[in-house]
Structures are given as C-alpha cells and as structure tokens.
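Here's the structure, in structure tokens; my notes come after.
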Amino acid sequence: MIAVIAAGNGGIGQAFIERMLASKPDTIIHASYHHSIPTQTLLDNPRISWTKADLTSESDIKMWLGGIESLDWLVNCAGMLHNADKGPEKTIREFDADFFYHNIQVNCLPTLLLAKHATAIYRRQKSEASVKIFATVSAKVGSIEDNRLGGWYSYRASKSALNMSLKNLSIEWQRQLPNVCVASLHPGTTDTQLSKPFQKNVAANALFSSNYTADKLIDIIGSLSAEQTGRFWSWDGSELPW
Ligand SMILES: NC(=O)c1ccc[n+]([C@@H]2O[C@H](COP(=O)([O-])OP(=O)(O)OC[C@H]3O[C@@H](n4cnc5c(N)ncnc54)[C@H](OP(=O)(O)O)[C@@H]3O)[C@@H](O)[C@H]2O)c1
C-alpha cells in the first residue's frame with residue numbers, strides 16, 4: 001500500500017502517519033511537511049519519503065506529485081483555524097478580508113491543487129480492481145445543514161468551499177476514474193495546536209488524542225468502496241449532511 005499524506009507534520013497528519021506505519025506494516029508513505037520539521041524518528045524512517053511543500057503553491061504540488069508513480073490513498077491533513085494575529089470570528093463585526101483569504105487559501109485551495117496534479121497518477125491506475133482514495137480532513141462546522149450556532153465565518157466558509165470542491169470532484173471522477181473514492185472527513189475535536197485555544201469548553205471525553213482520531217480516520221478510509229464516493233464522514237463512521 002502506498003499512502004500520500006499532505007501536511008504530515010501537523011497534529012493529525014503526524015499521528016496519521018505513525019498509526020499507518022504501526023497498523024499497516026506493508027505501507028510506504030510519501031509525506032509533505034511545511035514550516036515545522038517532522039520528528040527525527042519520522043525523518044529517519046526508511047518507509048517515509050519527505051518533501052517540503054507549501055500546499056498553496058501549485059508548483060510545489062506539481063513537483064511533489066510529479067515524482068510519485070502510483071498511490072492507494074491520498075489524504076490531505078492541512079488546515080488552519082487561527083493565525084498569529086487572529087482567531088475565528090464571533091460576530092460579523094470581526095470579519096477581516098485577509099483572514100478570510102488565508103482560510104480559503106489553506107483550507108480549500110490545496111485540495112483542488114492536489115486533485116489536479118494527482119489526476120495523472122489515478123489515471124495510470126484506472127484499471128486496477130482495488131479502490132483508490134482521495135480524502136481531505138475537513139470539519140463538521142463546514143456543513144451548511146448542520147450549522148445551528150453561527151460564528152466562525154471564515155473557517156466555516158472555507159470548509160464549506162472545501163466540501164463543495166470534494167463533492168464536485170467526486171462527480172467528475174465517478175465518470176473518468178471509477179475506482180477512486182473521494183471523501184471529506186470530520187476528525188472530531190482533537191488535541192492539536194489548532195484546537196488548543198478552544199479546548200476550555202470541550203468535555204474531556206469529547207477531546208480526542210491525535211492517535212485516536214487517526215485510528216478512526218484510517219478505519220473509515222479502509223472501509224470505503226468506490227461506490228461511496230462524494231460523501232462527508234464523521235470520525236465515528238456516521239455520515240454528515242453537506
Ligand atoms: N484539531 C481539531 O480539533 C480539528 C477539528 C476539526 C477539523 N480539523 C481539521 O483537521 C486538519 C488538521 O488539523 P490539526 O488539528 O492537525 O492542526 P495542526 O496541528 O495545526 O496541523 C495543520 C497542518 O496544516 C499545515 N499547513 C498549514 N498551512 C500550510 C501550507 N500553506 N502548506 C502546507 N501545509 C500547511 C501545517 O503545517 P505548518 O504548521 O508547518 O505550516 C500543519 O501540518 C485541519 O484541516 C483542521 O481544520 C481539526
């Protein structure tokens with residue numbers, strides 16, 4: 001099994017790699033990292049090849065995926081909720097165009113670029129019987145139907161745009177690449193630097209370790225068939241409304 005993990009240096013991304021290595025001994029991994037450097041243990045692991053890539057840069061993605069011959073799973077773990085200057089908006093009065101663009105850029109754009117440049121890889125494997133995965137870690141707050149609380153304009157909108165991109169892609173690929181399953185994944189609230197400022201009001205049993213989340217996401221992905229393309233999955237395997 002060949003897994004391509006985008007943003008393998010993040011909280012969920014790194015756990016995803018570690019749990020894949022532990023639970024699937026035949027797996028080899030192509031992983032990208034961005035600013036923060038992966039642990040020395042992961043850098044030294046002969047089953048992982050690391051590439052530094054800004055996933056908002058088409059040339060970085062083209063270069064990275066251009067060097068990959070075949071794959072079974074591609075999972076994008078990149079994302080942002082807050083940056084050094086700003087966090088998610090409680091009210092529209094806090095809305096800021098630059099913060100909005102940053103959310104769209106990190107939470108939505110990479111998936112479209114990855115899909116564009118992974119197409120050639122999936123096309124080479126079109127006649128293989130096994131299901132191929134194209135998945136992105138999204139967020140339940142991107143569900144329009146599920147939105148009852150409001151707030152978090154930029155993050156919610158960027159994850160809704162991501163979900164629409166994945167749904168769109170599933171429709172196009174269903175015809176052209178029928179063995180590919182496109183999936184949007186909600187990880188549940190997970191203890192990473194992304195959720196740190198928002199963990200106060202989360203019940204202890206509702207805050208998952210990144211290893212727990214990774215195991216759940218690996219289970220979901222491993223259970224998917226090509227016919228289940230274009231759906232939005234929660235960490236527990238239930239389906240979420242778009
Ligand atoms: N944690 C949660 O509770 C939670 C809940 C719902 C959804 N999610 C989603 O889960 C995904 C993973 O989040 P996480 O919790 O693992 O957060 P995290 O630890 O902050 O990881 C985010 C990752 O995105 C990478 N990234 C950001 N900008 C990038 C860029 N331009 N190019 C390449 N990589 C970039 C970061 O790399 P650098 O740091 O090196 O830039 C890091 O690897 C996100 O999409 C998030 O929205 C998380």
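Letters for chains follow the order of the structure tokens (A, B, ...), residue numbers begin at 1 for each chain, and ligand numbers begin at 1 in the order shown.
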Residues within 6 Å of ligand 1 (only C-alpha atoms and all ligand atoms), as a PyMOL selection string? chain A and resi 7-13+34-36+53-56+77-80+106+137-139+186-195
Expected file contents, prior selection, C-alpha atoms, as a PDB file, in the first residue's frame:
```
ATOM      1  CA  ALA A   7       0.838  18.021   5.785  1.00  0.00           C
ATOM      2  CA  GLY A   8       2.229  15.001   7.592  1.00  0.00           C
ATOM      3  CA  ASN A   9       3.864  17.384  10.078  1.00  0.00           C
ATOM      4  CA  GLY A  10       0.598  18.586  11.684  1.00  0.00           C
ATOM      5  CA  GLY A  11      -1.045  17.118  14.785  1.00  0.00           C
ATOM      6  CA  ILE A  12      -3.468  14.865  12.910  1.00  0.00           C
ATOM      7  CA  GLY A  13      -1.132  14.400   9.915  1.00  0.00           C
ATOM      8  CA  HIS A  34       5.670  22.721   5.588  1.00  0.00           C
ATOM      9  CA  HIS A  35       7.208  25.020   8.222  1.00  0.00           C
ATOM     10  CA  SER A  36       7.511  22.730  11.226  1.00  0.00           C
ATOM     11  CA  ALA A  53       5.848  21.670   0.117  1.00  0.00           C
ATOM     12  CA  ASP A  54       3.714  24.752   0.540  1.00  0.00           C
ATOM     13  CA  LEU A  55       0.360  23.226  -0.366  1.00  0.00           C
ATOM     14  CA  THR A  56      -0.965  26.585  -1.533  1.00  0.00           C
ATOM     15  CA  CYS A  77      -4.294  16.908   6.580  1.00  0.00           C
ATOM     16  CA  ALA A  78      -3.530  20.619   6.078  1.00  0.00           C
ATOM     17  CA  GLY A  79      -5.663  23.313   7.625  1.00  0.00           C
ATOM     18  CA  MET A  80      -5.836  26.437   9.784  1.00  0.00           C
ATOM     19  CA  VAL A 106      -5.123  26.909   3.457  1.00  0.00           C
ATOM     20  CA  VAL A 137      -9.645  16.353   6.587  1.00  0.00           C
ATOM     21  CA  SER A 138     -12.487  18.880   6.662  1.00  0.00           C
ATOM     22  CA  ALA A 139     -14.642  19.900   9.661  1.00  0.00           C
ATOM     23  CA  HIS A 186     -14.548  15.265  10.085  1.00  0.00           C
ATOM     24  CA  PRO A 187     -11.949  14.280  12.703  1.00  0.00           C
ATOM     25  CA  GLY A 188     -13.839  15.340  15.836  1.00  0.00           C
ATOM     26  CA  THR A 189     -12.258  17.775  18.282  1.00  0.00           C
ATOM     27  CA  THR A 190      -8.666  16.634  18.518  1.00  0.00           C
ATOM     28  CA  ASP A 191      -5.911  17.799  20.848  1.00  0.00           C
ATOM     29  CA  THR A 192      -3.605  19.675  18.444  1.00  0.00           C
ATOM     30  CA  GLN A 193      -2.253  23.216  18.288  1.00  0.00           C
ATOM     31  CA  LEU A 194      -5.187  24.100  16.014  1.00  0.00           C
ATOM     32  CA  SER A 195      -7.798  23.356  18.707  1.00  0.00           C
TER      33      SER A 195
END
```
Extract, using only C-alpha atoms, all DNA, RNA and protein residues at most 9 Å from A:Ile17, discarding same-chain residues fewer than 5 positions from it, and format them as an NGL selection string. :A and (3 or 5 or 8 or 12 or 22 or 29 or 31 or 42 or 48 or 214)
All heavy atoms of the current selection, written as a CSV table (one decimal), in the first residue's frame:
```
chain,number,residue,atom,x,y,z
A,3,ALA,N,0.7,5.3,0.5
A,3,ALA,CA,-0.1,6.4,1.0
A,3,ALA,C,0.7,7.7,0.8
A,3,ALA,O,1.9,7.8,1.0
A,3,ALA,CB,-0.4,6.2,2.5
A,5,ILE,N,0.6,11.5,2.1
A,5,ILE,CA,0.0,12.3,3.2
A,5,ILE,C,0.5,13.7,3.1
A,5,ILE,O,1.7,14.0,3.3
A,5,ILE,CB,0.4,11.7,4.6
A,5,ILE,CG1,0.1,10.2,4.7
A,5,ILE,CG2,-0.4,12.4,5.7
A,5,ILE,CD1,-1.3,9.7,4.5
A,8,GLY,N,1.9,16.1,6.6
A,8,GLY,CA,2.2,15.0,7.6
A,8,GLY,C,3.0,15.5,8.8
A,8,GLY,O,3.3,14.7,9.7
A,12,ILE,N,-2.7,16.0,13.4
A,12,ILE,CA,-3.5,14.9,12.9
A,12,ILE,C,-2.6,14.2,11.8
A,12,ILE,O,-2.6,12.9,11.8
A,12,ILE,CB,-4.9,15.3,12.4
A,12,ILE,CG1,-5.7,15.7,13.6
A,12,ILE,CG2,-5.5,14.2,11.6
A,12,ILE,CD1,-7.1,16.3,13.2
A,22,ALA,N,2.2,1.8,12.1
A,22,ALA,CA,2.1,0.7,13.1
A,22,ALA,C,1.0,-0.3,12.7
A,22,ALA,O,1.2,-1.5,12.9
A,22,ALA,CB,1.6,1.4,14.4
A,29,ILE,N,5.1,5.5,2.6
A,29,ILE,CA,4.5,6.8,2.7
A,29,ILE,C,5.3,7.9,2.0
A,29,ILE,O,6.5,7.9,2.1
A,29,ILE,CB,4.2,7.1,4.1
A,29,ILE,CG1,3.2,6.1,4.8
A,29,ILE,CG2,3.7,8.6,4.3
A,29,ILE,CD1,3.0,6.3,6.2
A,31,ALA,N,5.2,11.8,2.2
A,31,ALA,CA,4.6,12.8,3.0
A,31,ALA,C,5.2,14.1,2.7
A,31,ALA,O,6.4,14.3,2.4
A,31,ALA,CB,4.8,12.4,4.5
A,42,LEU,N,10.7,10.2,12.5
A,42,LEU,CA,10.0,10.1,11.3
A,42,LEU,C,10.8,10.4,10.1
A,42,LEU,O,10.7,9.8,9.0
A,42,LEU,CB,8.7,10.9,11.3
A,42,LEU,CG,7.6,10.4,12.2
A,42,LEU,CD1,6.4,11.4,12.3
A,42,LEU,CD2,7.1,9.0,11.9
A,48,ILE,N,9.3,6.2,4.9
A,48,ILE,CA,8.7,7.5,4.5
A,48,ILE,C,9.6,8.3,3.7
A,48,ILE,O,10.8,8.4,4.0
A,48,ILE,CB,8.4,8.3,5.8
A,48,ILE,CG1,7.7,7.5,6.9
A,48,ILE,CG2,7.5,9.6,5.4
A,48,ILE,CD1,7.5,8.3,8.2
A,214,ALA,N,-6.6,9.6,14.4
A,214,ALA,CA,-6.0,8.9,13.3
A,214,ALA,C,-6.5,7.5,13.1
A,214,ALA,O,-6.8,7.1,11.9
A,214,ALA,CB,-4.5,8.9,13.4
```
Find the residue from A:Thr136, A:Ser59, A:Ser154, A:Asn76 that sits nearest to A:His117; use only C-alpha atoms when measuring.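 For A:His117, the nearest of the given residues is A:Ser59.
The residue set within 12 Å of A:Ala84, counting only C-alpha atoms and dropping same-chain residues fewer than 6 places from it, reads Phe99, His102, Leu194 and Pro197 of chain A.
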As number ranges by chain, please: every residue in stretch 87-140 of chain A that DSSP puts in strand (DSSP E or B). A: 132-137
Using the selection just defined, write its residues with N, CA, C and O atoms as a CSV table (one decimal), in the first residue's frame.
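Result went into out.csv, see below:
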```
chain,number,residue,atom,x,y,z
A,132,LYS,N,-9.2,3.3,-4.8
A,132,LYS,CA,-8.2,4.3,-4.5
A,132,LYS,C,-8.9,5.5,-3.8
A,132,LYS,O,-10.0,5.8,-4.1
A,133,ILE,N,-8.2,6.1,-2.9
A,133,ILE,CA,-8.8,7.1,-2.0
A,133,ILE,C,-8.2,8.5,-2.3
A,133,ILE,O,-7.0,8.6,-2.4
A,134,PHE,N,-9.1,9.5,-2.4
A,134,PHE,CA,-8.7,10.9,-2.3
A,134,PHE,C,-9.5,11.5,-1.2
A,134,PHE,O,-10.7,11.7,-1.3
A,135,ALA,N,-8.8,11.8,-0.1
A,135,ALA,CA,-9.6,12.3,1.1
A,135,ALA,C,-8.9,13.6,1.6
A,135,ALA,O,-7.7,13.7,1.6
A,136,THR,N,-9.8,14.4,2.2
A,136,THR,CA,-9.3,15.6,2.9
A,136,THR,C,-9.9,15.7,4.3
A,136,THR,O,-11.1,15.4,4.4
A,137,VAL,N,-9.1,16.1,5.3
A,137,VAL,CA,-9.6,16.4,6.6
A,137,VAL,C,-10.3,17.7,6.5
A,137,VAL,O,-9.7,18.7,6.3
```
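With atom CA of A:Leu112 on one side and atom CA of A:Phe232 on the other, the separation reads 16.6 Å.
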Would you please extract all helix (DSSP H, G or I) residues from stretch 122-155 of chain A, as assigned by DSSP on the backbone, and give them as a ChimeraX atom specification? /A:122-124,140-142,153-155
Just want the 12 Å neighbourhood of A:Glu128, counted on only C-alpha atoms, with same-chain residues fewer than 6 positions away dropped. Output as a compact mmCIF listing (two decimals) with N, CA, C and O atoms, in the first residue's frame.
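Printed below is result36.txt as written:
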```txt
# COMPACT_ATOMS: atom_id res chain seq x y z
N SER A 70 2.61 5.85 -8.34
CA SER A 70 1.30 5.26 -8.05
C SER A 70 0.95 5.48 -6.58
O SER A 70 1.84 5.78 -5.77
N LEU A 71 -0.34 5.35 -6.26
CA LEU A 71 -0.75 5.52 -4.86
C LEU A 71 -2.05 4.76 -4.61
O LEU A 71 -2.80 4.45 -5.55
N ASP A 72 -2.29 4.48 -3.34
CA ASP A 72 -3.57 3.88 -2.93
C ASP A 72 -4.43 4.89 -2.19
O ASP A 72 -5.61 5.00 -2.46
N TYR A 122 -3.82 8.74 -10.69
CA TYR A 122 -5.01 7.88 -10.65
C TYR A 122 -5.32 7.31 -12.05
O TYR A 122 -5.76 6.18 -12.18
N LEU A 177 -12.72 8.23 -13.48
CA LEU A 177 -11.84 7.42 -12.62
C LEU A 177 -12.72 6.63 -11.65
O LEU A 177 -12.76 6.91 -10.45
N PRO A 178 -13.46 5.64 -12.17
CA PRO A 178 -14.49 5.00 -11.34
C PRO A 178 -13.97 4.19 -10.16
O PRO A 178 -14.75 3.80 -9.31
N ASN A 179 -12.66 3.94 -10.09
CA ASN A 179 -12.16 3.21 -8.91
C ASN A 179 -11.66 4.16 -7.81
O ASN A 179 -11.11 3.71 -6.81
N VAL A 180 -11.89 5.48 -7.99
CA VAL A 180 -11.45 6.43 -6.95
C VAL A 180 -12.64 6.84 -6.07
O VAL A 180 -13.71 7.19 -6.59
N ALA A 226 -15.60 2.29 -3.82
CA ALA A 226 -15.66 3.34 -4.85
C ALA A 226 -17.08 3.90 -4.97
O ALA A 226 -17.28 5.09 -5.25
```
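Closest approach to A:Ser170 from the set A:Val141, A:Ala115, A:Ala120, A:Ala129 is made by A:Ala115, with distances taken over only C-alpha atoms.
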Rank nothing, just name the residue among A:Lys140, A:Lys24, A:Lys167, A:Lys86 nearest to A:Ser238, using only C-alpha atoms. A:Lys140
So which one's closest to A:Ser49, A:Met164, A:Ile68, A:Leu81, A:Val182? Using only C-alpha atoms, please.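 Result for the nearest residue to A:Ser49: A:Ile68.
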Neighbours of A:Asn168 within 12 Å (only C-alpha atoms; same-chain residues fewer than 4 positions away dropped), as an MDAnalysis selection string? chainID A and resid 111:112 115 161:164 172:175 182:184 229:231
Export of the given selection (N, CA, C and O atoms) as a JSON list (two decimals), in the first residue's frame:
```
[["chain", "number", "residue", "atom", "x", "y", "z"],
["A", 111, "THR", "N", -6.58, 21.23, -1.66],
["A", 111, "THR", "CA", -7.28, 20.04, -2.15],
["A", 111, "THR", "C", -7.52, 20.10, -3.65],
["A", 111, "THR", "O", -7.37, 19.10, -4.36],
["A", 112, "LEU", "N", -7.85, 21.28, -4.15],
["A", 112, "LEU", "CA", -8.07, 21.43, -5.59],
["A", 112, "LEU", "C", -6.76, 21.23, -6.36],
["A", 112, "LEU", "O", -6.73, 20.57, -7.40],
["A", 115, "ALA", "N", -5.81, 17.54, -6.23],
["A", 115, "ALA", "CA", -6.65, 16.76, -7.15],
["A", 115, "ALA", "C", -6.18, 16.94, -8.59],
["A", 115, "ALA", "O", -6.05, 15.98, -9.35],
["A", 161, "ALA", "N", -16.56, 25.48, 1.28],
["A", 161, "ALA", "CA", -16.00, 25.54, -0.08],
["A", 161, "ALA", "C", -15.18, 24.28, -0.36],
["A", 161, "ALA", "O", -15.22, 23.73, -1.47],
["A", 162, "LEU", "N", -14.46, 23.82, 0.65],
["A", 162, "LEU", "CA", -13.71, 22.57, 0.50],
["A", 162, "LEU", "C", -14.67, 21.41, 0.22],
["A", 162, "LEU", "O", -14.43, 20.59, -0.68],
["A", 163, "ASN", "N", -15.74, 21.33, 1.01],
["A", 163, "ASN", "CA", -16.70, 20.23, 0.82],
["A", 163, "ASN", "C", -17.31, 20.27, -0.57],
["A", 163, "ASN", "O", -17.46, 19.23, -1.22],
["A", 164, "MET", "N", -17.67, 21.46, -1.03],
["A", 164, "MET", "CA", -18.23, 21.56, -2.39],
["A", 164, "MET", "C", -17.19, 21.12, -3.43],
["A", 164, "MET", "O", -17.54, 20.44, -4.41],
["A", 172, "GLU", "N", -17.11, 14.45, -11.15],
["A", 172, "GLU", "CA", -16.26, 14.36, -12.35],
["A", 172, "GLU", "C", -15.52, 13.02, -12.41],
["A", 172, "GLU", "O", -15.50, 12.36, -13.45],
["A", 173, "TRP", "N", -14.96, 12.60, -11.30],
["A", 173, "TRP", "CA", -14.14, 11.38, -11.31],
["A", 173, "TRP", "C", -14.98, 10.10, -11.36],
["A", 173, "TRP", "O", -14.48, 9.06, -11.77],
["A", 174, "GLN", "N", -16.24, 10.17, -10.93],
["A", 174, "GLN", "CA", -17.09, 8.99, -10.99],
["A", 174, "GLN", "C", -17.17, 8.47, -12.43],
["A", 174, "GLN", "O", -17.23, 7.28, -12.66],
["A", 175, "ARG", "N", -17.15, 9.41, -13.35],
["A", 175, "ARG", "CA", -17.20, 9.02, -14.76],
["A", 175, "ARG", "C", -15.82, 8.62, -15.28],
["A", 175, "ARG", "O", -15.65, 7.65, -15.98],
["A", 182, "VAL", "N", -13.77, 9.63, -3.42],
["A", 182, "VAL", "CA", -13.44, 10.95, -2.87],
["A", 182, "VAL", "C", -14.19, 11.11, -1.54],
["A", 182, "VAL", "O", -15.40, 10.85, -1.48],
["A", 183, "ALA", "N", -13.48, 11.52, -0.51],
["A", 183, "ALA", "CA", -14.11, 11.58, 0.82],
["A", 183, "ALA", "C", -13.73, 12.86, 1.56],
["A", 183, "ALA", "O", -12.59, 13.31, 1.52],
["A", 184, "SER", "N", -14.72, 13.41, 2.26],
["A", 184, "SER", "CA", -14.48, 14.51, 3.18],
["A", 184, "SER", "C", -14.60, 13.94, 4.59],
["A", 184, "SER", "O", -15.54, 13.19, 4.88],
["A", 229, "THR", "N", -18.24, 7.19, -3.09],
["A", 229, "THR", "CA", -17.57, 8.46, -3.37],
["A", 229, "THR", "C", -18.51, 9.64, -3.16],
["A", 229, "THR", "O", -19.74, 9.51, -3.29],
["A", 230, "GLY", "N", -17.91, 10.80, -2.81],
["A", 230, "GLY", "CA", -18.70, 12.03, -2.71],
["A", 230, "GLY", "C", -19.51, 12.14, -1.44],
["A", 230, "GLY", "O", -20.61, 12.69, -1.44],
["A", 231, "ARG", "N", -18.99, 11.64, -0.33],
["A", 231, "ARG", "CA", -19.73, 11.73, 0.94],
["A", 231, "ARG", "C", -18.85, 12.35, 2.02],
["A", 231, "ARG", "O", -17.63, 12.42, 1.89]]
```
Which of these residues is nearest to A:Leu43, using only C-alpha atoms: A:Asp85, A:Asp236, A:Glu18, A:Asp98?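 Of all the options, A:Glu18 lies closest to A:Leu43.
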Separation of atom CA of A:Lys216 from atom CA of A:Trp235, in Å and rounded to one decimal: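 Separation between atom CA of A:Lys216 and atom CA of A:Trp235: 5.7 Å.
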